[in-house]
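Structure data follow from my_file11.cif (mmCIF, C-alpha atoms and all ligand atoms):
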data_data
#
loop_
_atom_site.label_atom_id
_atom_site.label_comp_id
_atom_site.auth_asym_id
_atom_site.auth_seq_id
_atom_site.Cartn_x
_atom_site.Cartn_y
_atom_site.Cartn_z
CA MET A 3 36.83 -94.42 141.55
CA SER A 4 38.13 -94.12 145.14
CA ASP A 5 36.94 -91.44 147.55
CA ALA A 6 40.37 -89.87 147.45
CA THR A 7 40.18 -89.43 143.66
CA THR A 8 36.69 -87.96 143.92
CA ASP A 9 37.95 -85.49 146.54
CA SER A 10 40.86 -84.30 144.49
CA THR A 11 38.67 -84.05 141.37
CA ALA A 12 36.19 -81.97 143.35
CA LYS A 13 39.01 -79.68 144.47
CA ALA A 14 40.43 -79.37 140.99
CA ALA A 15 36.98 -78.56 139.64
CA ARG A 16 36.75 -75.33 141.65
CA PRO A 17 36.69 -72.47 139.13
CA PRO A 18 40.33 -71.34 138.91
CA LEU A 19 39.55 -67.63 139.30
CA ALA A 20 36.96 -68.02 142.07
CA TYR A 21 39.09 -65.93 144.44
CA LEU A 22 38.34 -62.85 142.32
CA GLU A 23 34.73 -62.96 143.50
CA ALA A 24 35.90 -62.39 147.06
CA GLU A 25 38.18 -59.58 145.91
CA LEU A 26 35.29 -57.91 144.08
CA ALA A 27 33.00 -58.30 147.10
CA GLU A 28 35.67 -56.57 149.18
CA LEU A 29 35.81 -53.65 146.73
CA HIS A 30 32.03 -53.29 146.89
CA ALA A 31 32.03 -53.46 150.68
CA ARG A 32 34.66 -50.70 150.88
CA HIS A 33 32.84 -48.47 148.36
CA LEU A 34 35.79 -48.75 146.03
CA TYR A 35 34.06 -50.47 143.12
CA ARG A 36 33.60 -48.28 140.08
CA PRO A 37 30.96 -49.33 137.55
CA LEU A 38 31.45 -48.21 133.95
CA ARG A 39 29.11 -45.64 132.56
CA VAL A 40 28.50 -46.05 128.84
CA MET A 41 28.30 -43.14 126.41
CA GLN A 42 25.83 -43.19 123.54
CA SER A 43 27.02 -39.92 121.99
CA ALA A 44 30.27 -38.36 120.84
CA GLN A 45 32.57 -36.91 123.50
CA GLY A 46 31.91 -33.26 124.35
CA PRO A 47 30.71 -30.78 126.98
CA GLU A 48 27.33 -32.52 126.86
CA VAL A 49 27.10 -36.26 126.38
CA VAL A 50 24.52 -39.02 126.56
CA LEU A 51 25.62 -41.41 129.29
CA ASP A 52 23.64 -44.47 130.29
CA GLY A 53 20.81 -43.05 128.22
CA ARG A 54 20.78 -39.69 129.98
CA ARG A 55 21.88 -36.31 128.55
CA VAL A 56 24.31 -34.73 131.00
CA ILE A 57 26.87 -31.95 131.16
CA SER A 58 30.23 -33.67 131.39
CA LEU A 59 33.05 -32.41 133.57
CA SER A 60 35.01 -35.61 133.34
CA SER A 61 36.81 -35.82 130.03
CA ASN A 62 40.38 -34.78 129.19
CA ASP A 63 39.11 -33.14 126.03
CA TYR A 64 40.62 -29.78 127.09
CA LEU A 65 40.21 -27.98 123.79
CA GLY A 66 37.07 -29.74 122.57
CA LEU A 67 38.93 -31.37 119.68
CA THR A 68 37.72 -34.98 120.08
CA HIS A 69 34.66 -34.22 117.97
CA ASP A 70 36.01 -31.34 115.85
CA PRO A 71 34.79 -31.63 112.23
CA ARG A 72 38.31 -30.98 110.90
CA LEU A 73 39.79 -33.86 112.87
CA ARG A 74 36.97 -36.11 111.71
CA ALA A 75 37.57 -35.09 108.09
CA ALA A 76 41.33 -35.68 108.40
CA ALA A 77 40.69 -39.14 109.84
CA ILE A 78 38.22 -40.05 107.11
CA ALA A 79 40.58 -38.87 104.36
CA ALA A 80 43.42 -40.95 105.86
CA VAL A 81 41.23 -44.05 105.94
CA ARG A 82 40.37 -43.49 102.29
CA ASP A 83 44.00 -42.98 101.26
CA TYR A 84 45.81 -45.43 103.53
CA GLY A 85 43.27 -47.88 104.93
CA ALA A 86 42.04 -48.75 108.39
CA GLY A 87 45.17 -50.18 110.01
CA SER A 88 48.94 -49.88 109.74
CA GLY A 89 49.39 -53.65 109.66
CA ALA A 90 52.72 -53.98 111.48
CA VAL A 91 54.98 -52.67 114.21
CA ARG A 92 57.00 -49.58 113.36
CA THR A 93 60.30 -51.45 112.92
CA ILE A 94 58.96 -54.02 110.47
CA ALA A 95 56.44 -52.69 107.97
CA GLY A 96 54.37 -50.30 110.06
CA THR A 97 56.08 -46.94 109.56
CA MET A 98 54.02 -44.87 107.17
CA GLU A 99 55.00 -41.44 105.92
CA LEU A 100 52.17 -40.07 108.07
CA HIS A 101 53.95 -41.33 111.22
CA MET A 102 57.14 -39.57 110.16
CA GLU A 103 55.22 -36.40 109.36
CA LEU A 104 53.57 -36.32 112.78
CA GLU A 105 56.90 -36.84 114.54
CA ALA A 106 58.56 -34.06 112.55
CA GLU A 107 55.65 -31.73 113.23
CA LEU A 108 55.66 -32.50 116.97
CA ALA A 109 59.44 -31.92 117.13
CA ARG A 110 59.01 -28.52 115.48
CA PHE A 111 56.12 -27.68 117.77
CA LYS A 112 57.96 -28.68 120.94
CA GLY A 113 61.25 -27.08 119.84
CA VAL A 114 63.30 -30.27 120.23
CA GLU A 115 65.58 -32.25 117.92
CA ALA A 116 63.33 -35.27 117.57
CA VAL A 117 60.14 -37.03 118.63
CA LEU A 118 59.06 -40.65 118.74
CA THR A 119 55.38 -41.53 118.98
CA PHE A 120 53.92 -44.40 120.97
CA GLN A 121 50.49 -46.06 121.04
CA SER A 122 49.55 -44.11 124.18
CA GLY A 123 51.00 -41.86 126.84
CA PHE A 124 50.97 -44.91 129.09
CA THR A 125 53.16 -46.92 126.72
CA ALA A 126 55.45 -43.93 126.20
CA ASN A 127 56.30 -43.97 129.91
CA THR A 128 56.46 -47.75 130.23
CA GLY A 129 58.54 -47.86 127.04
CA VAL A 130 61.01 -45.07 127.67
CA ILE A 131 61.95 -45.53 131.34
CA PRO A 132 63.09 -49.17 131.22
CA ALA A 133 64.77 -48.62 127.84
CA ILE A 134 67.12 -45.92 129.09
CA THR A 135 67.83 -47.14 132.64
CA ASP A 136 69.22 -50.31 134.20
CA GLU A 137 70.83 -51.41 137.48
CA ARG A 138 73.69 -48.94 136.98
CA ASP A 139 71.32 -45.96 137.14
CA LEU A 140 69.08 -44.35 139.74
CA ILE A 141 65.55 -43.07 139.15
CA VAL A 142 64.21 -40.39 141.49
CA SER A 143 60.46 -39.88 141.28
CA ASP A 144 57.76 -37.63 142.79
CA ALA A 145 55.43 -39.55 145.14
CA LEU A 146 52.35 -38.57 143.13
CA ASN A 147 53.61 -39.38 139.66
CA HIS A 148 51.21 -41.05 137.25
CA ALA A 149 50.68 -44.83 137.30
CA SER A 150 52.42 -45.20 133.94
CA ILE A 151 55.62 -43.67 135.37
CA ILE A 152 55.37 -46.03 138.32
CA ASP A 153 54.91 -49.00 135.99
CA GLY A 154 57.79 -47.75 133.83
CA MET A 155 60.00 -47.77 136.92
CA ARG A 156 58.77 -51.25 137.85
CA LEU A 157 59.81 -52.49 134.42
CA SER A 158 63.28 -50.97 134.81
CA LYS A 159 66.16 -52.73 136.57
CA ALA A 160 67.19 -49.41 138.07
CA PRO A 161 66.79 -48.77 141.80
CA ARG A 162 64.45 -45.92 142.62
CA LYS A 163 63.92 -43.34 145.30
CA ILE A 164 60.67 -41.48 145.87
CA TYR A 165 60.59 -37.89 147.15
CA PRO A 166 57.51 -36.41 148.86
CA HIS A 167 55.21 -34.61 146.46
CA ARG A 168 56.85 -31.43 145.05
CA ASP A 169 59.39 -31.42 147.88
CA VAL A 170 62.49 -30.05 146.16
CA ALA A 171 64.51 -29.93 149.39
CA ALA A 172 63.97 -33.68 149.82
CA LEU A 173 64.78 -34.25 146.15
CA ARG A 174 68.02 -32.26 146.48
CA GLU A 175 68.97 -34.31 149.53
CA ILE A 176 68.42 -37.59 147.66
CA LEU A 177 70.41 -36.32 144.67
CA ARG A 178 73.32 -35.07 146.78
CA SER A 179 73.54 -38.30 148.70
CA ALA A 180 73.32 -40.35 145.48
CA ALA A 181 76.06 -38.24 143.86
CA GLU A 182 78.32 -38.48 146.93
CA ARG A 183 77.75 -42.06 148.03
CA GLY A 184 77.05 -43.73 144.70
CA ARG A 185 75.39 -47.10 144.25
CA GLU A 186 73.98 -49.03 147.18
CA ASP A 187 73.53 -52.48 145.62
CA PRO A 188 75.70 -55.30 147.01
CA GLY A 189 78.98 -55.70 145.15
CA HIS A 190 78.80 -52.21 143.71
CA GLU A 191 78.55 -50.05 146.82
CA GLY A 192 80.08 -46.66 146.29
CA GLU A 193 80.48 -46.95 142.53
CA PRO A 194 79.10 -43.86 140.85
CA TYR A 195 75.74 -44.21 139.15
CA ARG A 196 76.02 -44.24 135.36
CA SER A 197 73.17 -41.71 135.31
CA ILE A 198 70.48 -40.29 137.56
CA LEU A 199 67.03 -39.64 136.14
CA VAL A 200 64.59 -37.32 137.91
CA VAL A 201 61.01 -37.97 136.79
CA THR A 202 57.97 -35.81 137.43
CA ASP A 203 54.53 -35.12 136.06
CA GLY A 204 54.40 -31.57 134.65
CA VAL A 205 50.80 -31.17 135.83
CA PHE A 206 49.66 -33.71 138.41
CA SER A 207 46.62 -35.53 137.16
CA MET A 208 44.66 -35.85 140.40
CA ASP A 209 45.37 -32.52 142.13
CA GLY A 210 45.91 -30.26 139.12
CA ASP A 211 49.03 -28.67 140.62
CA ILE A 212 52.14 -27.88 138.61
CA ALA A 213 55.59 -29.33 139.29
CA PRO A 214 58.15 -26.77 140.52
CA LEU A 215 60.23 -27.37 137.42
CA PRO A 216 62.72 -24.50 137.66
CA GLU A 217 63.77 -25.72 141.12
CA ILE A 218 63.78 -29.38 140.04
CA VAL A 219 65.97 -28.56 137.04
CA ALA A 220 68.35 -26.52 139.24
CA ALA A 221 68.63 -29.40 141.74
CA ALA A 222 69.26 -31.89 138.92
CA ASP A 223 71.88 -29.62 137.34
CA GLU A 224 73.87 -29.57 140.59
CA VAL A 225 74.61 -33.30 140.23
CA GLY A 226 74.35 -33.69 136.45
CA ALA A 227 71.05 -35.61 136.61
CA ALA A 228 68.69 -35.77 133.64
CA VAL A 229 65.11 -34.55 134.05
CA MET A 230 62.10 -36.25 132.49
CA VAL A 231 58.74 -34.45 132.54
CA ASP A 232 55.41 -36.08 131.73
CA ASP A 233 53.34 -33.29 130.23
CA ALA A 234 50.18 -35.29 129.55
CA HIS A 235 47.96 -32.70 131.28
CA ALA A 236 50.04 -29.68 130.27
CA SER A 237 49.97 -30.18 126.53
CA GLY A 238 47.38 -27.86 125.01
CA VAL A 239 46.95 -26.24 128.42
CA LEU A 240 50.21 -24.52 129.49
CA GLY A 241 52.89 -22.66 127.53
CA ARG A 242 52.63 -20.82 124.22
CA ASN A 243 49.98 -22.53 122.05
CA GLY A 244 49.90 -25.35 124.60
CA ARG A 245 53.55 -26.34 124.25
CA GLY A 246 53.62 -27.53 127.87
CA THR A 247 55.39 -26.84 131.17
CA ILE A 248 58.89 -26.46 129.72
CA ASP A 249 57.63 -23.59 127.59
CA HIS A 250 55.51 -22.26 130.47
CA PHE A 251 58.62 -21.93 132.66
CA GLY A 252 61.01 -20.97 129.83
CA LEU A 253 63.15 -24.07 130.39
CA HIS A 254 63.87 -24.98 126.77
CA GLY A 255 67.04 -27.05 126.50
CA ARG A 256 67.18 -27.78 130.24
CA VAL A 257 64.84 -30.80 130.37
CA ALA A 258 66.27 -33.82 128.58
CA ILE A 259 63.09 -35.82 128.11
CA GLN A 260 59.51 -34.69 127.62
CA ILE A 261 56.63 -37.13 127.48
CA GLY A 262 53.40 -36.00 125.87
CA THR A 263 50.04 -37.52 125.16
CA LEU A 264 47.92 -37.25 122.06
CA SER A 265 44.89 -38.54 123.96
CA LYS A 266 43.89 -35.47 125.97
CA ALA A 267 44.03 -31.92 124.56
CA VAL A 268 45.04 -33.28 121.14
CA GLY A 269 41.78 -35.18 121.27
CA VAL A 270 42.80 -38.45 119.64
CA LEU A 271 45.07 -41.21 120.98
CA GLY A 272 48.76 -41.75 121.52
CA GLY A 273 51.85 -40.66 123.36
CA TYR A 274 55.25 -39.34 122.41
CA VAL A 275 58.71 -38.66 123.73
CA ALA A 276 60.45 -35.45 122.73
CA GLY A 277 64.17 -34.85 123.19
CA PRO A 278 67.65 -35.04 121.71
CA ALA A 279 68.11 -36.98 118.45
CA THR A 280 70.40 -39.51 120.17
CA LEU A 281 67.70 -40.38 122.70
CA ILE A 282 65.10 -40.86 120.01
CA ASP A 283 67.50 -42.87 117.84
CA TYR A 284 68.28 -45.14 120.79
CA LEU A 285 64.60 -45.61 121.62
CA THR A 286 63.88 -46.81 118.07
CA GLN A 287 66.23 -49.69 118.90
CA ARG A 288 65.21 -50.42 122.47
CA ALA A 289 61.75 -49.16 123.49
CA ARG A 290 59.68 -52.30 123.67
CA PRO A 291 56.20 -50.95 122.81
CA PHE A 292 57.78 -49.31 119.75
CA LEU A 293 59.45 -52.58 118.75
CA PHE A 294 56.72 -55.04 119.61
CA SER A 295 53.31 -53.39 119.29
CA THR A 296 51.57 -52.27 116.11
CA SER A 297 51.75 -48.59 115.18
CA HIS A 298 48.85 -46.17 115.04
CA PRO A 299 46.25 -46.52 112.32
CA PRO A 300 46.52 -43.76 109.68
CA ALA A 301 43.27 -42.11 110.85
CA VAL A 302 44.71 -41.54 114.32
CA VAL A 303 47.90 -40.00 112.98
CA ALA A 304 46.14 -37.73 110.49
CA ALA A 305 43.72 -36.46 113.14
CA CYS A 306 46.64 -35.73 115.50
CA LEU A 307 48.40 -33.72 112.78
CA GLU A 308 45.24 -31.69 112.28
CA ALA A 309 44.99 -31.04 116.02
CA ILE A 310 48.58 -29.77 116.25
CA ARG A 311 47.81 -27.40 113.37
CA ILE A 312 44.75 -26.12 115.28
CA PHE A 313 46.84 -25.64 118.47
CA GLN A 314 49.01 -23.23 116.52
CA GLU A 315 46.30 -21.45 114.54
CA GLU A 316 43.62 -21.08 117.21
CA PRO A 317 45.20 -19.91 120.49
CA GLU A 318 41.77 -18.54 121.44
CA ARG A 319 40.77 -22.10 122.38
CA ILE A 320 43.39 -22.16 125.13
CA GLU A 321 42.34 -18.68 126.25
CA ARG A 322 38.75 -19.88 126.52
CA LEU A 323 39.89 -22.96 128.47
CA TRP A 324 41.55 -20.68 131.03
CA VAL A 325 38.61 -18.26 131.24
CA ASN A 326 36.33 -21.23 131.97
CA THR A 327 38.83 -22.68 134.43
CA ARG A 328 39.23 -19.49 136.44
CA ARG A 329 35.49 -18.89 136.62
CA PHE A 330 34.56 -22.43 137.58
CA LYS A 331 37.24 -22.67 140.26
CA ALA A 332 36.43 -19.26 141.74
CA GLU A 333 32.71 -20.09 141.92
CA LEU A 334 33.32 -23.47 143.58
CA ARG A 335 35.49 -21.77 146.20
CA ARG A 336 32.92 -19.02 146.72
CA LEU A 337 30.34 -21.75 147.41
CA GLY A 338 32.65 -23.10 150.11
CA PHE A 339 34.13 -26.16 148.42
CA ASP A 340 37.72 -27.21 149.07
CA THR A 341 39.37 -27.33 145.63
CA GLY A 342 42.74 -28.39 146.99
CA ILE A 343 45.96 -27.07 145.47
CA SER A 344 44.90 -26.99 141.83
CA GLU A 345 46.47 -24.43 139.49
CA THR A 346 45.12 -25.81 136.21
CA PRO A 347 41.79 -26.90 134.63
CA ILE A 348 41.94 -30.09 136.72
CA THR A 349 39.87 -29.07 139.74
CA PRO A 350 39.28 -31.57 142.53
CA ILE A 351 36.51 -31.10 145.05
CA MET A 352 38.04 -32.67 148.13
CA LEU A 353 35.59 -34.83 150.10
CA GLY A 354 37.68 -37.28 152.14
CA GLU A 355 35.63 -40.46 152.49
CA SER A 356 35.21 -42.57 149.36
CA ALA A 357 31.55 -43.35 150.22
CA LEU A 358 30.80 -39.60 150.28
CA ALA A 359 32.63 -38.99 146.99
CA ILE A 360 30.70 -41.78 145.28
CA ARG A 361 27.38 -40.55 146.72
CA PHE A 362 28.17 -36.99 145.64
CA SER A 363 28.97 -38.10 142.10
CA ASP A 364 25.80 -40.24 141.90
CA ARG A 365 23.63 -37.34 143.10
CA LEU A 366 25.24 -34.97 140.58
CA PHE A 367 24.45 -37.48 137.85
CA GLU A 368 20.80 -37.50 138.90
CA GLU A 369 20.94 -33.70 138.61
CA GLY A 370 22.29 -34.00 135.04
CA ILE A 371 26.00 -33.46 135.77
CA TYR A 372 28.69 -36.04 135.12
CA ALA A 373 31.63 -35.51 137.46
CA THR A 374 33.41 -38.68 138.50
CA SER A 375 34.56 -39.58 141.94
CA VAL A 376 38.18 -40.54 142.36
CA VAL A 377 38.87 -42.94 145.20
CA TYR A 378 41.56 -45.29 146.47
CA PRO A 379 43.81 -46.66 144.98
CA THR A 380 43.96 -43.79 142.48
CA VAL A 381 44.31 -41.40 145.43
CA ALA A 382 45.06 -42.00 149.13
CA LEU A 383 42.24 -43.61 151.17
CA ASP A 384 41.28 -40.39 152.97
CA LYS A 385 41.66 -38.15 149.90
CA ALA A 386 38.59 -39.19 147.91
CA ARG A 387 37.24 -36.44 145.73
CA ILE A 388 35.17 -35.44 142.76
CA ARG A 389 37.53 -34.56 139.95
CA THR A 390 36.40 -32.03 137.38
CA ILE A 391 37.98 -30.78 134.18
CA VAL A 392 36.31 -27.90 132.39
CA THR A 393 37.11 -27.56 128.72
CA ALA A 394 37.23 -24.78 126.14
CA ALA A 395 34.00 -26.19 124.73
CA HIS A 396 31.86 -25.54 127.83
CA SER A 397 29.48 -22.58 127.53
CA ASP A 398 28.87 -20.14 130.39
CA GLU A 399 25.37 -21.55 130.67
CA GLN A 400 26.61 -25.13 131.02
CA LEU A 401 29.02 -24.09 133.75
CA ASP A 402 26.27 -22.20 135.58
CA ILE A 403 23.99 -25.25 135.47
CA ALA A 404 26.82 -27.40 136.79
CA LEU A 405 27.61 -24.95 139.60
CA ASP A 406 23.95 -24.86 140.65
CA ALA A 407 23.94 -28.64 140.89
CA PHE A 408 27.17 -28.62 142.92
CA GLU A 409 25.61 -26.15 145.32
CA ARG A 410 22.39 -28.16 145.74
CA VAL A 411 24.16 -31.49 146.24
CA GLY A 412 26.86 -29.93 148.43
CA ARG A 413 24.24 -28.54 150.82
CA GLU A 414 22.16 -31.72 150.78
CA LEU A 415 25.16 -33.87 151.73
CA GLY A 416 26.44 -31.38 154.30
CA VAL A 417 29.66 -30.64 152.41
CA ILE A 418 28.99 -26.91 152.35
CA GLY A 419 27.08 -24.95 154.96
CA GLY A 420 23.49 -23.79 155.06
N1 LIG B 501 50.71 -39.53 132.08
C1 LIG B 501 49.82 -38.83 132.82
C2 LIG B 501 50.34 -37.82 133.79
C3 LIG B 501 48.44 -39.05 132.65
O1 LIG B 501 47.56 -38.36 133.37
C4 LIG B 501 48.01 -40.00 131.70
C5 LIG B 501 46.53 -40.27 131.45
N2 LIG B 501 45.74 -40.46 132.54
C6 LIG B 501 48.97 -40.69 130.98
C7 LIG B 501 50.29 -40.43 131.18
C8 LIG B 501 48.55 -41.73 129.99
O2 LIG B 501 48.22 -41.15 128.79
P1 LIG B 501 47.32 -41.94 127.72
O3 LIG B 501 45.91 -41.79 128.17
O4 LIG B 501 47.66 -41.30 126.43
O5 LIG B 501 47.78 -43.36 127.78
#
Could you write out this file's structure as structure tokens?
Ligand code: PMP
Amino acid sequence: MSDATTDSTAKAARPPLAYLEAELAELHARHLYRPLRVMQSAQGPEVVLDGRRVISLSSNDYLGLTHDPRLRAAAIAAVRDYGAGSGAVRTIAGTMELHMELEAELARFKGVEAVLTFQSGFTANTGVIPAITDERDLIVSDALNHASIIDGMRLSKAPRKIYPHRDVAALREILRSAAERGREDPGHEGEPYRSILVVTDGVFSMDGDIAPLPEIVAAADEVGAAVMVDDAHASGVLGRNGRGTIDHFGLHGRVAIQIGTLSKAVGVLGGYVAGPATLIDYLTQRARPFLFSTSHPPAVVAACLEAIRIFQEEPERIERLWVNTRRFKAELRRLGFDTGISETPITPIMLGESALAIRFSDRLFEEGIYATSVVYPTVALDKARIRTIVTAAHSDEQLDIALDAFERVGRELGVIGG
């Protein structure tokens, strides 16, 4: 064997993914590495995490349904009747009557013609956006939209324009210019767009603020654009019985496409798109996660159906969620914390530096409170925070204990005075 051969063998023998070690080291050095905490209990207002019982302010379990005995019973009954898995994608042999029942029930609940469910809210966005847009269209998106909307746009051939967060004047300007000047791509300059799609979160997942939907819809109407709202954090939270932002603002019939999740307030797993029958019909032919990924197991679907029934029969859960939200937020502000621009149960405690946010979260954990830090790239580098979500299941006592811990840690780390 010549030296040259030995050299090249030595080079080739370097582990192919060795560069990831350097990337990980960089994340650690910049305090951006997030270890996983592991839960040994069911989800709920109190959980056992890494062997420690803590009050959790970090789930999306808004109405406390993840561990509800009725959802558990519905799931168990579905396993007994229909088995553990669906066994195929929806378009081949994986559409069970339970799937159809859930979609019909969600359509009734949302007051729309039809609904199509997806494996998750994430796949709903990444499935719908590229299915209904291509290079002839334009997508206009809020700067702080969820990652799944961003990925949905990346998967689409459509050009996109981003407007500053909740800035309707900027949105209107983009829409007017797009309507007047048409396409910008070489060879097609000036041709009118086939369609313009305005996409926004209903409730923004990191700041807890609500999209100015009436103004967005008015701006879209001026140029005949369609509006798509991702109501992942509004479902079960805003509107009558938790019907979402469209119901909250009284905009029924004015928003073409609603995305929802079954993974947060519904307490289970999944996503859906709600809208006109033609849209849903088209998506059954073109949305790739629907066509190429196996449908929900029966237990998931049955538990979701039970949750939607509870939404309608127990509005007191949503009332309790809001009582808890108002109290927790008001107390945090009274203590001197900056809770940003939140209007919903998502309450950030703005801290700035990621190292401080991580330290704050670690200290809270030692005090028996689980409230995660959110750092770059989920939020901007200088906008690190603790993100809390209170739920309907938290007791007054649990919230008081949590607030005491926030006060102690806040003073210790110099975030609040005294
Ligand atoms: N959209 C938004 C606005 C979200 O916050 C989330 C969840 N973080 C999703 C979509 C994804 O939903 P799921 O967890 O059901 O995939």
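Proximity ranking of A:Leu157, A:Leu100, A:Gly241, A:Gly129 relative to A:Val81 places A:Leu100 first, based on only C-alpha atoms.
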Check which residues of stretch 224-306 of chain A sit at most 9 Å from stretch 39-62 of chain A using all atoms listed in the file, and return one row each with the closest pair of atoms and their distance in Å to one decimal, ordered by chain and rising number, as JSON lines.
{"residue": "A:His235", "atom": "CA", "partner": "A:Asn62", "partner_atom": "CA", "distance": 8.1}
{"residue": "A:Ser265", "atom": "CA", "partner": "A:Asn62", "partner_atom": "CA", "distance": 7.9}
{"residue": "A:Lys266", "atom": "CA", "partner": "A:Asn62", "partner_atom": "CA", "distance": 4.8}
{"residue": "A:Ala267", "atom": "CA", "partner": "A:Asn62", "partner_atom": "CA", "distance": 6.6}
{"residue": "A:Gly269", "atom": "CA", "partner": "A:Asn62", "partner_atom": "CA", "distance": 8.1}
Next on the checklist: Env of A:Ser375: 6 Å cut, atoms = only C-alpha atoms, seq-sep filter 4 positions within chain, self excluded. Answer as an MDAnalysis selection string.
Outcome noted: chainID A and resid 359:360 363 387:388
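Proximity ranking of A:Met102, A:Ala395, A:Ala171, A:Ala279 relative to A:Arg319 places A:Ala395 first, based on all atoms listed in the file.
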Checklist outcome for this item: Shortest contact to A:Pro317, candidates A:Lys331, A:Leu65, A:Pro161, A:Val376, atoms counted all atoms listed in the file, goes to A:Leu65
Got a minute to add N, CA, C and O atoms to stretch 371-383 of chain A and dump it as a compact mmCIF listing (two decimals), in the frame of the given file?
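Output file selection_24.txt is given in full below:
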# COMPACT_ATOMS: atom_id res chain seq x y z
N ILE A 371 24.58 -33.85 135.86
CA ILE A 371 26.00 -33.46 135.77
C ILE A 371 26.87 -34.70 135.92
O ILE A 371 26.73 -35.45 136.90
N TYR A 372 27.79 -34.89 135.00
CA TYR A 372 28.69 -36.04 135.12
C TYR A 372 30.05 -35.55 135.61
O TYR A 372 30.79 -34.88 134.90
N ALA A 373 30.34 -35.85 136.86
CA ALA A 373 31.63 -35.51 137.46
C ALA A 373 32.04 -36.72 138.29
O ALA A 373 31.39 -37.04 139.29
N THR A 374 33.09 -37.39 137.88
CA THR A 374 33.41 -38.68 138.50
C THR A 374 34.07 -38.52 139.86
O THR A 374 34.78 -37.55 140.12
N SER A 375 33.84 -39.53 140.67
CA SER A 375 34.56 -39.58 141.94
C SER A 375 35.90 -40.27 141.68
O SER A 375 36.01 -41.11 140.79
N VAL A 376 36.88 -39.87 142.43
CA VAL A 376 38.18 -40.54 142.36
C VAL A 376 38.50 -41.03 143.76
O VAL A 376 38.53 -40.25 144.71
N VAL A 377 38.68 -42.34 143.87
CA VAL A 377 38.87 -42.94 145.20
C VAL A 377 40.12 -43.82 145.18
O VAL A 377 40.75 -43.99 144.13
N TYR A 378 40.45 -44.36 146.34
CA TYR A 378 41.56 -45.29 146.47
C TYR A 378 41.39 -46.45 145.49
O TYR A 378 40.27 -46.89 145.31
N PRO A 379 42.39 -46.96 144.80
CA PRO A 379 43.81 -46.66 144.98
C PRO A 379 44.34 -45.53 144.10
O PRO A 379 45.55 -45.27 144.11
N THR A 380 43.46 -44.87 143.32
CA THR A 380 43.96 -43.79 142.48
C THR A 380 44.49 -42.65 143.34
O THR A 380 45.47 -41.99 142.99
N VAL A 381 43.81 -42.38 144.46
CA VAL A 381 44.31 -41.40 145.43
C VAL A 381 44.34 -42.07 146.81
O VAL A 381 43.78 -43.16 146.97
N ALA A 382 44.97 -41.43 147.78
CA ALA A 382 45.06 -42.00 149.13
C ALA A 382 43.65 -42.23 149.70
O ALA A 382 42.70 -41.56 149.30
N LEU A 383 43.55 -43.19 150.64
CA LEU A 383 42.24 -43.61 151.17
C LEU A 383 41.40 -42.44 151.70
O LEU A 383 40.20 -42.39 151.48
